[in-house]
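What follows is entry-v1.txt (compact mmCIF, C-alpha atoms).
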```
# COMPACT_ATOMS: atom_id res chain seq x y z
CA MET A 1 4.60 -7.69 32.53
CA ILE A 2 1.35 -7.74 34.47
CA LEU A 3 -0.55 -4.59 35.52
CA CYS A 4 -2.93 -4.45 38.48
CA ASP A 5 -5.46 -1.80 39.53
CA ILE A 6 -6.41 -2.36 43.17
CA GLY A 7 -9.72 -0.72 44.00
CA ASN A 8 -12.27 -0.76 46.79
CA SER A 9 -13.92 -3.98 45.66
CA THR A 10 -11.58 -5.81 43.22
CA TYR A 11 -8.09 -6.57 42.04
CA HIS A 12 -8.22 -5.72 38.35
CA PHE A 13 -5.38 -7.41 36.45
CA PHE A 14 -4.35 -6.60 32.90
CA ILE A 15 -2.40 -9.55 31.52
CA LYS A 16 -1.24 -9.51 27.90
CA GLY A 17 -4.15 -7.30 26.84
CA LYS A 18 -6.69 -9.34 28.76
CA HIS A 19 -8.71 -8.36 31.81
CA LYS A 20 -8.98 -10.56 34.88
CA LYS A 21 -10.76 -9.51 38.06
CA TYR A 22 -10.59 -10.96 41.56
CA PHE A 23 -12.75 -9.91 44.46
CA LEU A 24 -10.81 -8.78 47.52
CA ASP A 25 -11.64 -11.94 49.47
CA GLU A 26 -10.64 -14.30 46.63
CA LYS A 27 -7.37 -16.23 46.65
CA LEU A 28 -4.84 -14.49 44.40
CA PRO A 29 -2.61 -16.52 42.05
CA LYS A 30 1.16 -16.40 42.30
CA PHE A 31 2.64 -14.91 39.13
CA ASP A 32 6.18 -15.38 37.91
CA GLU A 33 6.23 -12.19 35.93
CA GLU A 34 6.94 -8.60 36.84
CA ILE A 35 3.88 -6.83 38.32
CA TYR A 36 3.19 -3.11 38.54
CA TYR A 37 0.20 -2.02 40.58
CA VAL A 38 -1.77 1.12 41.36
CA SER A 39 -3.77 1.00 44.57
CA VAL A 40 -6.29 2.99 46.59
CA ASN A 41 -6.58 0.14 49.10
CA LYS A 42 -3.77 -0.50 51.60
CA SER A 43 -4.88 -3.84 53.03
CA ALA A 44 -5.54 -5.31 49.59
CA THR A 45 -2.09 -4.14 48.48
CA LYS A 46 -0.53 -5.97 51.43
CA GLU A 47 -2.30 -9.14 50.37
CA LEU A 48 -1.07 -8.84 46.76
CA LYS A 49 2.52 -8.38 47.96
CA LYS A 50 2.26 -11.33 50.32
CA VAL A 51 1.52 -13.67 47.40
CA ASN A 52 3.60 -11.71 44.87
CA PRO A 53 6.50 -10.01 46.65
CA GLN A 54 7.90 -8.84 43.32
CA ALA A 55 4.92 -6.47 42.79
CA LYS A 56 6.00 -2.82 42.43
CA ASN A 57 4.06 0.34 43.16
CA ILE A 58 3.87 2.47 40.01
CA LYS A 59 3.65 5.55 42.23
CA LYS A 60 7.44 5.42 42.61
CA LEU A 61 7.88 5.97 38.88
CA MET A 62 5.53 8.94 38.79
CA ASN A 63 6.12 12.63 39.01
CA PHE A 64 2.66 14.24 38.94
CA LYS A 65 2.51 17.79 40.24
CA THR A 66 -0.74 19.16 41.61
CA SER A 67 -1.95 21.56 44.30
CA TYR A 68 -4.81 19.14 45.02
CA VAL A 69 -4.39 17.70 48.50
CA GLY A 70 -4.95 13.94 48.62
CA LEU A 71 -5.52 13.27 44.92
CA GLY A 72 -6.25 9.57 44.30
CA ILE A 73 -3.34 7.90 42.49
CA ASP A 74 -5.77 6.50 39.88
CA ARG A 75 -6.83 10.06 39.02
CA ALA A 76 -3.18 11.08 38.69
CA ILE A 77 -2.49 8.18 36.32
CA ALA A 78 -5.58 8.93 34.21
CA SER A 79 -4.52 12.59 33.86
CA TYR A 80 -0.75 11.95 33.57
CA PHE A 81 -0.16 12.57 29.84
CA GLU A 82 -2.89 15.16 29.21
CA LYS A 83 -2.15 18.78 28.34
CA ASP A 84 -5.56 20.48 27.94
CA SER A 85 -8.32 18.04 28.73
CA VAL A 86 -10.99 17.02 31.14
CA ILE A 87 -10.55 13.44 32.35
CA VAL A 88 -13.65 11.65 33.59
CA ASP A 89 -13.49 8.25 35.29
CA ALA A 90 -17.11 7.08 35.61
CA GLY A 91 -17.24 4.22 38.07
CA SER A 92 -18.78 3.87 41.55
CA ALA A 93 -17.90 7.55 41.84
CA ILE A 94 -17.39 9.85 38.86
CA THR A 95 -14.11 11.73 39.20
CA VAL A 96 -13.57 14.75 36.98
CA ASP A 97 -10.08 16.24 36.62
CA ILE A 98 -9.05 19.31 34.67
CA MET A 99 -5.67 19.69 32.96
CA SER A 100 -4.60 23.03 31.47
CA LYS A 101 -1.24 23.49 29.72
CA GLY A 102 -0.09 20.21 31.23
CA LYS A 103 -0.91 21.33 34.77
CA HIS A 104 -3.54 19.69 36.98
CA GLN A 105 -6.08 22.38 37.95
CA GLY A 106 -8.11 20.36 40.43
CA GLY A 107 -11.31 18.43 40.04
CA PHE A 108 -14.52 17.21 41.60
CA ILE A 109 -16.31 13.99 42.51
CA LEU A 110 -19.88 13.14 41.52
CA PRO A 111 -21.75 10.06 42.72
CA GLY A 112 -21.71 7.27 40.13
CA PHE A 113 -24.86 6.20 38.22
CA ARG A 114 -25.56 3.30 40.54
CA ALA A 115 -25.12 5.43 43.67
CA PHE A 116 -27.43 8.08 42.19
CA MET A 117 -30.18 5.59 41.38
CA LYS A 118 -29.96 3.99 44.83
CA THR A 119 -30.60 7.36 46.45
CA TYR A 120 -34.15 7.88 45.17
CA PRO A 121 -36.05 4.90 46.65
CA LYS A 122 -34.49 5.77 50.02
CA ILE A 123 -36.22 9.16 49.86
CA SER A 124 -39.59 7.64 48.94
CA LYS A 125 -40.79 4.29 47.65
CA LYS A 126 -42.63 6.20 44.93
CA LEU A 127 -39.25 7.17 43.47
CA LYS A 128 -38.11 3.62 42.76
CA PHE A 129 -37.62 3.17 39.01
CA ASP A 130 -35.19 1.48 36.70
CA PHE A 131 -32.77 3.62 34.78
CA GLU A 132 -34.22 4.75 31.44
CA LYS A 133 -31.34 4.77 28.96
CA ASN A 134 -33.19 6.29 26.04
CA ILE A 135 -34.44 9.46 27.64
CA ASN A 136 -34.68 12.66 25.58
CA LEU A 137 -32.77 15.30 27.53
CA ASP A 138 -34.16 18.16 25.44
CA LYS A 139 -37.69 17.69 26.76
CA ILE A 140 -38.97 18.53 30.23
CA PRO A 141 -40.13 15.20 31.72
CA LEU A 142 -43.83 14.40 31.98
CA GLN A 143 -43.66 11.40 34.28
CA THR A 144 -41.77 10.52 37.45
CA LYS A 145 -39.61 7.83 35.88
CA ASP A 146 -38.26 10.34 33.35
CA ALA A 147 -38.13 13.09 35.99
CA ILE A 148 -35.58 11.02 37.89
CA THR A 149 -33.45 9.90 34.95
CA TYR A 150 -33.44 13.41 33.48
CA ALA A 151 -32.35 14.93 36.80
CA MET A 152 -29.63 12.33 37.26
CA MET A 153 -28.24 12.71 33.73
CA LYS A 154 -28.33 16.52 33.90
CA SER A 155 -26.70 16.44 37.35
CA ILE A 156 -23.78 14.52 35.91
CA ILE A 157 -23.55 16.06 32.43
CA LEU A 158 -23.90 19.79 33.19
CA PRO A 159 -21.07 20.12 35.77
CA ILE A 160 -18.73 18.32 33.33
CA LYS A 161 -19.90 20.54 30.43
CA GLU A 162 -19.33 23.65 32.51
CA VAL A 163 -15.65 22.91 33.20
CA SER A 164 -14.86 21.49 29.78
CA GLU A 165 -15.53 24.63 27.69
CA ASN A 166 -13.40 24.03 24.59
CA LYS A 167 -11.32 21.24 26.06
CA LYS A 168 -11.51 17.67 24.82
CA ILE A 169 -12.96 15.20 27.28
CA ILE A 170 -11.58 11.74 27.89
CA PHE A 171 -13.93 9.21 29.45
CA THR A 172 -12.99 5.95 31.09
CA GLY A 173 -14.62 3.62 33.63
CA GLY A 174 -17.66 1.35 33.42
CA ASP A 175 -20.16 4.12 32.63
CA GLY A 176 -17.74 6.20 30.58
CA LYS A 177 -18.97 4.93 27.24
CA LEU A 178 -22.61 5.77 27.89
CA LEU A 179 -21.68 9.18 29.26
CA SER A 180 -19.33 10.07 26.40
CA LYS A 181 -22.27 10.01 23.97
CA TYR A 182 -23.56 13.24 25.47
CA PHE A 183 -20.36 15.15 24.70
CA GLU A 184 -19.25 16.21 21.26
CA ASN A 185 -15.56 16.62 21.81
CA SER A 186 -15.04 13.37 23.70
CA THR A 187 -13.19 10.06 23.50
CA TYR A 188 -13.86 6.88 25.42
CA LYS A 189 -10.75 4.97 26.48
CA LYS A 190 -11.72 1.74 28.20
CA ASP A 191 -8.18 0.91 29.28
CA LEU A 192 -6.91 4.43 30.00
CA ILE A 193 -5.45 3.52 33.40
CA PHE A 194 -3.60 0.46 32.12
CA GLU A 195 -2.44 2.26 28.95
CA ASN A 196 -1.04 5.09 31.01
CA MET A 197 0.60 2.72 33.49
CA LYS A 198 2.34 1.09 30.55
CA ARG A 199 3.46 4.47 29.20
CA ILE A 200 4.78 5.51 32.60
CA ILE A 201 6.78 2.28 32.89
CA ASP A 202 8.11 2.60 29.33
CA ALA A 203 9.14 6.23 29.85
CA ASN A 204 10.98 5.19 32.98
CA ASP A 205 12.81 2.40 31.18
CA CYS A 206 14.15 4.95 28.68
CA ILE A 207 15.54 7.15 31.43
CA ALA A 208 17.13 4.22 33.28
CA MET B 1 -59.14 27.11 59.87
CA ILE B 2 -56.25 24.68 60.20
CA LEU B 3 -54.05 23.56 57.29
CA CYS B 4 -52.13 20.30 57.24
CA ASP B 5 -49.40 19.04 54.92
CA ILE B 6 -49.07 15.26 55.28
CA GLY B 7 -45.71 14.01 54.08
CA ASN B 8 -43.62 10.87 54.25
CA SER B 9 -42.36 11.52 57.77
CA THR B 10 -44.58 14.15 59.44
CA TYR B 11 -47.95 15.82 59.77
CA HIS B 12 -47.15 19.49 59.31
CA PHE B 13 -49.93 21.70 60.69
CA PHE B 14 -50.29 25.42 60.08
CA ILE B 15 -52.47 26.88 62.80
CA LYS B 16 -53.07 30.64 62.92
CA GLY B 17 -49.73 31.38 61.25
CA LYS B 18 -47.84 28.93 63.48
CA HIS B 19 -46.17 25.68 62.54
CA LYS B 20 -46.70 22.47 64.47
CA LYS B 21 -45.25 19.14 63.42
CA TYR B 22 -46.14 15.62 64.52
CA PHE B 23 -44.28 12.48 63.54
CA LEU B 24 -46.44 9.86 61.86
CA ASP B 25 -46.43 7.61 64.92
CA GLU B 26 -47.37 10.40 67.33
CA LYS B 27 -50.88 10.76 68.73
CA LEU B 28 -52.74 13.49 66.86
CA PRO B 29 -54.90 16.02 68.74
CA LYS B 30 -58.59 16.39 68.06
CA PHE B 31 -59.32 19.84 66.64
CA ASP B 32 -62.71 21.56 66.70
CA GLU B 33 -61.93 23.75 63.72
CA GLU B 34 -62.20 23.18 60.01
CA ILE B 35 -59.14 21.36 58.58
CA TYR B 36 -57.89 21.27 55.00
CA TYR B 37 -55.11 18.87 54.19
CA VAL B 38 -52.78 18.00 51.33
CA SER B 39 -51.32 14.52 51.44
CA VAL B 40 -48.83 12.26 49.69
CA ASN B 41 -49.37 9.55 52.31
CA LYS B 42 -52.57 7.48 52.28
CA SER B 43 -52.25 5.67 55.61
CA ALA B 44 -51.33 8.87 57.46
CA THR B 45 -54.37 10.58 55.91
CA LYS B 46 -56.59 7.80 57.21
CA GLU B 47 -55.21 8.35 60.70
CA LEU B 48 -55.84 12.11 60.53
CA LYS B 49 -59.43 11.53 59.44
CA LYS B 50 -60.02 8.96 62.18
CA VAL B 51 -59.24 11.57 64.85
CA ASN B 52 -60.60 14.52 62.85
CA PRO B 53 -63.41 13.34 60.58
CA GLN B 54 -64.11 16.94 59.50
CA ALA B 55 -60.74 17.15 57.66
CA LYS B 56 -61.17 17.92 53.95
CA ASN B 57 -58.87 17.10 51.06
CA ILE B 58 -57.87 20.32 49.29
CA LYS B 59 -57.48 18.30 46.08
CA LYS B 60 -61.25 18.52 45.59
CA LEU B 61 -61.05 22.31 45.33
CA MET B 62 -58.28 22.22 42.77
CA ASN B 63 -58.27 22.34 39.02
CA PHE B 64 -54.64 21.96 37.98
CA LYS B 65 -54.10 20.90 34.39
CA THR B 66 -50.92 19.12 33.39
CA SER B 67 -49.75 16.44 30.98
CA TYR B 68 -47.45 15.12 33.72
CA VAL B 69 -48.61 11.66 34.75
CA GLY B 70 -48.69 11.21 38.54
CA LEU B 71 -47.69 14.72 39.62
CA GLY B 72 -47.47 14.97 43.43
CA ILE B 73 -50.32 17.10 44.79
CA ASP B 74 -47.82 19.20 46.77
CA ARG B 75 -46.07 20.13 43.51
CA ALA B 76 -49.41 21.08 41.97
CA ILE B 77 -50.22 23.35 44.93
CA ALA B 78 -46.77 24.98 44.85
CA SER B 79 -47.16 25.74 41.13
CA TYR B 80 -50.88 26.59 41.22
CA PHE B 81 -50.81 30.39 40.85
CA GLU B 82 -47.65 30.76 38.77
CA LYS B 83 -47.64 31.97 35.17
CA ASP B 84 -43.99 31.92 34.04
CA SER B 85 -41.81 30.55 36.78
CA VAL B 86 -39.72 27.67 37.98
CA ILE B 87 -40.90 26.30 41.31
CA VAL B 88 -38.34 24.48 43.45
CA ASP B 89 -39.29 22.61 46.62
CA ALA B 90 -36.02 21.64 48.29
CA GLY B 91 -36.72 19.00 50.91
CA SER B 92 -35.77 15.32 51.16
CA ALA B 93 -36.08 15.40 47.37
CA ILE B 94 -35.77 18.58 45.30
CA THR B 95 -38.71 18.89 42.93
CA VAL B 96 -38.42 21.36 40.07
CA ASP B 97 -41.53 22.37 38.11
CA ILE B 98 -41.75 24.65 35.11
CA MET B 99 -44.75 26.90 34.39
CA SER B 100 -45.04 28.76 31.07
CA LYS B 101 -47.99 31.05 30.28
CA GLY B 102 -49.88 29.54 33.18
CA LYS B 103 -49.40 25.98 31.91
CA HIS B 104 -47.43 23.28 33.71
CA GLN B 105 -44.65 22.11 31.36
CA GLY B 106 -43.38 19.21 33.43
CA GLY B 107 -40.49 18.94 35.85
CA PHE B 108 -37.79 16.82 37.39
CA ILE B 109 -36.69 15.43 40.73
CA LEU B 110 -33.20 15.77 42.19
CA PRO B 111 -32.06 14.09 45.39
CA GLY B 112 -32.15 16.48 48.39
CA PHE B 113 -28.98 17.78 50.06
CA ARG B 114 -29.10 15.20 52.82
CA ALA B 115 -29.64 12.32 50.38
CA PHE B 116 -26.73 13.58 48.26
CA MET B 117 -24.33 13.77 51.18
CA LYS B 118 -25.33 10.32 52.42
CA THR B 119 -24.40 8.83 49.05
CA TYR B 120 -20.66 9.56 49.18
CA PRO B 121 -19.51 7.59 52.26
CA LYS B 122 -21.40 4.59 50.87
CA ILE B 123 -19.15 4.68 47.79
CA SER B 124 -15.96 4.95 49.87
CA LYS B 125 -15.13 5.81 53.48
CA LYS B 126 -12.62 8.31 52.10
CA LEU B 127 -15.54 10.36 50.77
CA LYS B 128 -17.13 11.02 54.17
CA PHE B 129 -17.14 14.77 54.86
CA ASP B 130 -19.41 17.35 56.40
CA PHE B 131 -21.15 19.75 54.09
CA GLU B 132 -19.06 22.89 53.48
CA LYS B 133 -21.49 25.79 53.25
CA ASN B 134 -19.02 28.47 52.28
CA ILE B 135 -17.51 26.90 49.21
CA ASN B 136 -16.46 29.08 46.27
CA LEU B 137 -18.19 27.62 43.23
CA ASP B 138 -16.07 29.66 40.80
CA LYS B 139 -12.90 27.75 41.68
CA ILE B 140 -12.03 24.18 40.72
CA PRO B 141 -11.65 22.29 44.04
CA LEU B 142 -8.20 21.40 45.35
CA GLN B 143 -9.18 18.98 48.08
CA THR B 144 -11.66 16.10 48.39
CA LYS B 145 -13.98 17.84 50.86
CA ASP B 146 -14.49 20.70 48.40
CA ALA B 147 -14.58 18.29 45.44
CA ILE B 148 -17.69 16.70 46.94
CA THR B 149 -19.50 19.87 48.00
CA TYR B 150 -18.72 21.55 44.66
CA ALA B 151 -20.05 18.53 42.71
CA MET B 152 -23.19 18.37 44.83
CA MET B 153 -23.96 22.09 44.55
CA LYS B 154 -23.29 22.16 40.80
CA SER B 155 -25.40 19.01 40.34
CA ILE B 156 -28.35 20.78 41.92
CA ILE B 157 -27.80 24.34 40.68
CA LEU B 158 -26.98 23.77 36.99
CA PRO B 159 -30.06 21.70 36.01
CA ILE B 160 -32.27 24.37 37.66
CA LYS B 161 -30.35 27.18 35.91
CA GLU B 162 -30.71 25.44 32.56
CA VAL B 163 -34.53 25.28 32.69
CA SER B 164 -35.01 28.69 34.28
CA GLU B 165 -33.53 30.84 31.47
CA ASN B 166 -35.27 34.20 32.01
CA LYS B 167 -37.97 32.89 34.33
CA LYS B 168 -38.19 33.87 37.98
CA ILE B 169 -37.52 31.04 40.41
CA ILE B 170 -39.52 30.43 43.56
CA PHE B 171 -37.87 28.36 46.26
CA THR B 172 -39.55 26.68 49.18
CA GLY B 173 -38.72 23.78 51.51
CA GLY B 174 -36.09 23.33 54.21
CA ASP B 175 -33.08 23.90 51.93
CA GLY B 176 -34.80 26.44 49.68
CA LYS B 177 -33.33 29.47 51.43
CA LEU B 178 -29.72 28.28 51.08
CA LEU B 179 -30.29 27.30 47.47
CA SER B 180 -32.01 30.56 46.49
CA LYS B 181 -28.79 32.47 47.22
CA TYR B 182 -27.22 31.00 44.10
CA PHE B 183 -29.92 32.40 41.79
CA GLU B 184 -30.31 36.05 40.88
CA ASN B 185 -33.95 36.12 39.88
CA SER B 186 -35.26 34.12 42.84
CA THR B 187 -37.57 34.40 45.84
CA TYR B 188 -37.73 32.18 48.90
CA LYS B 189 -41.23 31.51 50.21
CA LYS B 190 -41.06 29.46 53.39
CA ASP B 191 -44.82 28.90 53.58
CA LEU B 192 -45.58 28.62 49.86
CA ILE B 193 -47.64 25.43 50.22
CA PHE B 194 -49.76 26.79 53.07
CA GLU B 195 -50.15 30.22 51.44
CA ASN B 196 -51.35 28.60 48.23
CA MET B 197 -53.70 26.24 50.10
CA LYS B 198 -55.23 29.31 51.71
CA ARG B 199 -55.57 31.05 48.33
CA ILE B 200 -57.19 27.96 46.81
CA ILE B 201 -59.69 27.77 49.66
CA ASP B 202 -60.42 31.53 49.47
CA ALA B 203 -60.92 31.39 45.70
CA ASN B 204 -63.34 28.53 46.17
CA ASP B 205 -65.31 30.44 48.81
CA CYS B 206 -65.82 33.27 46.32
CA ILE B 207 -67.21 30.90 43.72
CA ALA B 208 -69.49 29.14 46.19
```
How would this structure read if it were set down as structure tokens?
Amino acid sequence: MILCDIGNSTYHFFIKGKHKKYFLDEKLPKFDEEIYYVSVNKSATKELKKVNPQAKNIKKLMNFKTSYVGLGIDRAIASYFEKDSVIVDAGSAITVDIMSKGKHQGGFILPGFRAFMKTYPKISKKLKFDFEKNINLDKIPLQTKDAITYAMMKSIILPIKEVSENKKIIFTGGDGKLLSKYFENSTYKKDLIFENMKRIIDANDCIA
Amino acid sequence: MILCDIGNSTYHFFIKGKHKKYFLDEKLPKFDEEIYYVSVNKSATKELKKVNPQAKNIKKLMNFKTSYVGLGIDRAIASYFEKDSVIVDAGSAITVDIMSKGKHQGGFILPGFRAFMKTYPKISKKLKFDFEKNINLDKIPLQTKDAITYAMMKSIILPIKEVSENKKIIFTGGDGKLLSKYFENSTYKKDLIFENMKRIIDANDCIA
């Protein structure tokens, strides 16, 4: 079985534990196997199904209740099996979702690291700096480079801290690992989306 | 006496209690009066002095000690007379400076409201929304529009809250008034820069 996460810039395949990415304008291979996909991109989904008509939308196997209007299906998958946690997917945007007693409470969307850093030089050329990974967040910055990195890190960390209280926090996404270091009660799960897709499919097989 | 704040996009004059702005490519008037300016823009300063050679840099009257390397002169003026405060200038960027016992402790730089909002639609078209002024920040958002505004407001408010502890907070700049509403121990001073320029000039007259 092949899993595929269709995003705004890539097809992300998960094939026998291995990752394979294709840009949206690349030619997709034809697979013989079963494919389950999750997608936030309609036109890309159409393209996948043209080459691989057997591909199935995992959405149809899901039963995720929330009062949130228009929740991204990737956020639903990431939160699917959590009871009392904060789920953070740190990619081009950083989505933060809160689960309490197995119920989705809502969430919020921060700009991703890259988007944040791109913002500064547009305000003023003097604010163009590279990201400083090893900044001390317990000290008030004494130069502009640190003043930017500190602000960016605090802007991302503090809103997550505020909603997490005593909950555990699960990080995924490209910047999830870096971010998880700033939180005590946290876990980084690189393949959270694919792992949960697999669990959803397995659970469905049992019922069938 | 005329005061002028030269920024990245305008000349901002303060003439007998009235504000007058010129874009950088506009023709500047010739004034007969004394002019003091503060500037973060070298080429614009040159232009002002070409038309008004009598214009004086307020920097020469200032004695602001800090360990911060490359502190913007506007931030130094805003913080100049404070003993134990946090000074927030909320414009295209939001600068936050901390004064303790009359000493500048450093500071940080957040993106301004406008810069923040511009970031989202660049990540995904689905994240394009107008700013929702009346959002309840005590409730976890249940729709994407609120999820963005909530994240943006928390990203700006929480880092300022964290450094302000029991200090009073002084807001200035175009978005300072809106922002000050979220802080109990805060004051909004629309003309903080010009008021402090005036005080610096007056203090200097006394010494002379």
When you look at region 50-65 of chain B with a cut-off of 9 Å (counting only C-alpha atoms), what residues show up, excluding the ones that are within fewer than 4 positions of it in the same chain? I need them as a tab-separated table (two decimals) with C-alpha atoms, keeping the file's coordinate frame.
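New file around27.tsv:
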```
chain	number	residue	atom	x	y	z
B	28	LEU	CA	-52.74	13.49	66.86
B	29	PRO	CA	-54.90	16.02	68.74
B	30	LYS	CA	-58.59	16.39	68.06
B	31	PHE	CA	-59.32	19.84	66.64
B	32	ASP	CA	-62.71	21.56	66.70
B	33	GLU	CA	-61.93	23.75	63.72
B	34	GLU	CA	-62.20	23.18	60.01
B	35	ILE	CA	-59.14	21.36	58.58
B	36	TYR	CA	-57.89	21.27	55.00
B	37	TYR	CA	-55.11	18.87	54.19
B	38	VAL	CA	-52.78	18.00	51.33
B	39	SER	CA	-51.32	14.52	51.44
B	45	THR	CA	-54.37	10.58	55.91
B	46	LYS	CA	-56.59	7.80	57.21
B	73	ILE	CA	-50.32	17.10	44.79
B	76	ALA	CA	-49.41	21.08	41.97
B	77	ILE	CA	-50.22	23.35	44.93
B	79	SER	CA	-47.16	25.74	41.13
B	80	TYR	CA	-50.88	26.59	41.22
B	103	LYS	CA	-49.40	25.98	31.91
B	104	HIS	CA	-47.43	23.28	33.71
B	197	MET	CA	-53.70	26.24	50.10
B	200	ILE	CA	-57.19	27.96	46.81
B	201	ILE	CA	-59.69	27.77	49.66
B	204	ASN	CA	-63.34	28.53	46.17
```
| task | Kindly indicate which residue among B:Ser155, B:Thr10, B:Ser164, B:Ser100 lies nearest to chain A, using all atoms listed in the file for the distances. | result |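 Counting all atoms listed in the file, the residue closest to chain A is B:Ser155.
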| query | Within 8 Å of chain B, which residues of chain A show up when using all atoms listed in the file, listed as number ranges by chain? | reply | A: 8, 67-71, 92-93, 105-111, 115-116, 119-120, 123-124, 140-144, 146-148, 150-152, 154-156, 158-159
| field | Interatomic distance (Å, one decimal) between CA of Ile135 (chain B) and CA of Phe183 (chain B) | value | 15.5 Å
| message | Would you compute the distance between CA of Ile87 (chain B) and CA of Leu48 (chain B)? Give it in Å to one decimal. | response |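 Computing the Euclidean distance for CA of Ile87 (chain B) and CA of Leu48 (chain B) yields 28.2 Å.
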| task | Please provide as a count of residues only all residues within 6 Å of Phe171 (chain A), with the sequence filter that same-chain residues fewer than 5 positions apart are discarded (counting only C-alpha atoms). | result | 4
| query | CA of Tyr22 (chain A) and CA of Ile2 (chain A), how far apart in Å? | reply |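 CA of Tyr22 (chain A) lies at a distance of 14.3 Å from CA of Ile2 (chain A).
Take the candidates B:Asn41, B:Asp138, B:Lys168, B:Lys27 and check each one against Ser9 (chain B) using only C-alpha atoms; the shortest distance goes to B:Asn41.
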| message | Taking all atoms listed in the file into account, name the residue in B:Lys49, B:Lys181, B:Lys167, B:Lys128 that is nearest to Glu82 (chain B). | response |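 Smallest distance to Glu82 (chain B) is found for B:Lys167.
For the residues A:Lys83, A:Gly174, A:Cys4, A:Glu132, ranking by smallest atom-to-atom distance to Lys18 (chain A) using only C-alpha atoms places A:Cys4 first.
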With 8 Å on each side, where is the centre of the axis-aligned box around all listed atoms of region 117-127 of chain A, and how long are its edges in Å to one decimal, as JSON?
```
{"center_x": -36.3, "center_y": 6.6, "center_z": 45.7, "size_x": 28.7, "size_y": 21.2, "size_z": 24.6}
```
Starting from the incomplete input, reconstruct all heavy atoms of region 128-132 of chain B and write that as a PDB file, in the frame of the given file.
```
ATOM      1  N   LYS B 128     -16.233  10.577  53.086  1.00  0.00           N
ATOM      2  CA  LYS B 128     -17.130  11.020  54.170  1.00  0.00           C
ATOM      3  C   LYS B 128     -16.664  12.391  54.675  1.00  0.00           C
ATOM      4  O   LYS B 128     -15.599  12.515  55.283  1.00  0.00           O
ATOM      5  CB  LYS B 128     -17.106   9.998  55.301  1.00  0.00           C
ATOM      6  CG  LYS B 128     -18.147  10.258  56.385  1.00  0.00           C
ATOM      7  CD  LYS B 128     -18.109   9.144  57.425  1.00  0.00           C
ATOM      8  CE  LYS B 128     -18.812   9.545  58.684  1.00  0.00           C
ATOM      9  NZ  LYS B 128     -20.264   9.542  58.603  1.00  0.00           N
ATOM     10  N   PHE B 129     -17.467  13.416  54.409  1.00  0.00           N
ATOM     11  CA  PHE B 129     -17.140  14.770  54.860  1.00  0.00           C
ATOM     12  C   PHE B 129     -18.418  15.498  55.266  1.00  0.00           C
ATOM     13  O   PHE B 129     -19.499  15.145  54.802  1.00  0.00           O
ATOM     14  CB  PHE B 129     -16.478  15.571  53.735  1.00  0.00           C
ATOM     15  CG  PHE B 129     -15.087  15.122  53.434  1.00  0.00           C
ATOM     16  CD1 PHE B 129     -14.842  14.248  52.384  1.00  0.00           C
ATOM     17  CD2 PHE B 129     -14.028  15.561  54.201  1.00  0.00           C
ATOM     18  CE1 PHE B 129     -13.552  13.828  52.107  1.00  0.00           C
ATOM     19  CE2 PHE B 129     -12.736  15.140  53.923  1.00  0.00           C
ATOM     20  CZ  PHE B 129     -12.502  14.268  52.878  1.00  0.00           C
ATOM     21  N   ASP B 130     -18.265  16.502  56.100  1.00  0.00           N
ATOM     22  CA  ASP B 130     -19.410  17.350  56.400  1.00  0.00           C
ATOM     23  C   ASP B 130     -19.591  18.349  55.267  1.00  0.00           C
ATOM     24  O   ASP B 130     -18.645  18.698  54.571  1.00  0.00           O
ATOM     25  CB  ASP B 130     -19.192  18.092  57.718  1.00  0.00           C
ATOM     26  CG  ASP B 130     -19.329  17.141  58.893  1.00  0.00           C
ATOM     27  OD1 ASP B 130     -20.091  16.163  58.760  1.00  0.00           O
ATOM     28  OD2 ASP B 130     -18.665  17.360  59.922  1.00  0.00           O
ATOM     29  N   PHE B 131     -20.805  18.804  55.127  1.00  0.00           N
ATOM     30  CA  PHE B 131     -21.150  19.750  54.090  1.00  0.00           C
ATOM     31  C   PHE B 131     -20.478  21.104  54.356  1.00  0.00           C
ATOM     32  O   PHE B 131     -20.556  21.644  55.457  1.00  0.00           O
ATOM     33  CB  PHE B 131     -22.679  19.897  54.050  1.00  0.00           C
ATOM     34  CG  PHE B 131     -23.167  20.901  53.064  1.00  0.00           C
ATOM     35  CD1 PHE B 131     -22.878  20.769  51.726  1.00  0.00           C
ATOM     36  CD2 PHE B 131     -23.933  21.975  53.481  1.00  0.00           C
ATOM     37  CE1 PHE B 131     -23.327  21.695  50.806  1.00  0.00           C
ATOM     38  CE2 PHE B 131     -24.398  22.908  52.574  1.00  0.00           C
ATOM     39  CZ  PHE B 131     -24.096  22.760  51.233  1.00  0.00           C
ATOM     40  N   GLU B 132     -19.792  21.622  53.351  1.00  0.00           N
ATOM     41  CA  GLU B 132     -19.060  22.890  53.480  1.00  0.00           C
ATOM     42  C   GLU B 132     -19.892  24.011  52.866  1.00  0.00           C
ATOM     43  O   GLU B 132     -19.945  24.159  51.645  1.00  0.00           O
ATOM     44  CB  GLU B 132     -17.723  22.731  52.735  1.00  0.00           C
ATOM     45  CG  GLU B 132     -16.862  23.980  52.696  1.00  0.00           C
ATOM     46  CD  GLU B 132     -16.582  24.523  54.078  1.00  0.00           C
ATOM     47  OE1 GLU B 132     -15.852  23.849  54.834  1.00  0.00           O
ATOM     48  OE2 GLU B 132     -17.125  25.602  54.402  1.00  0.00           O
TER      49      GLU B 132
END
```
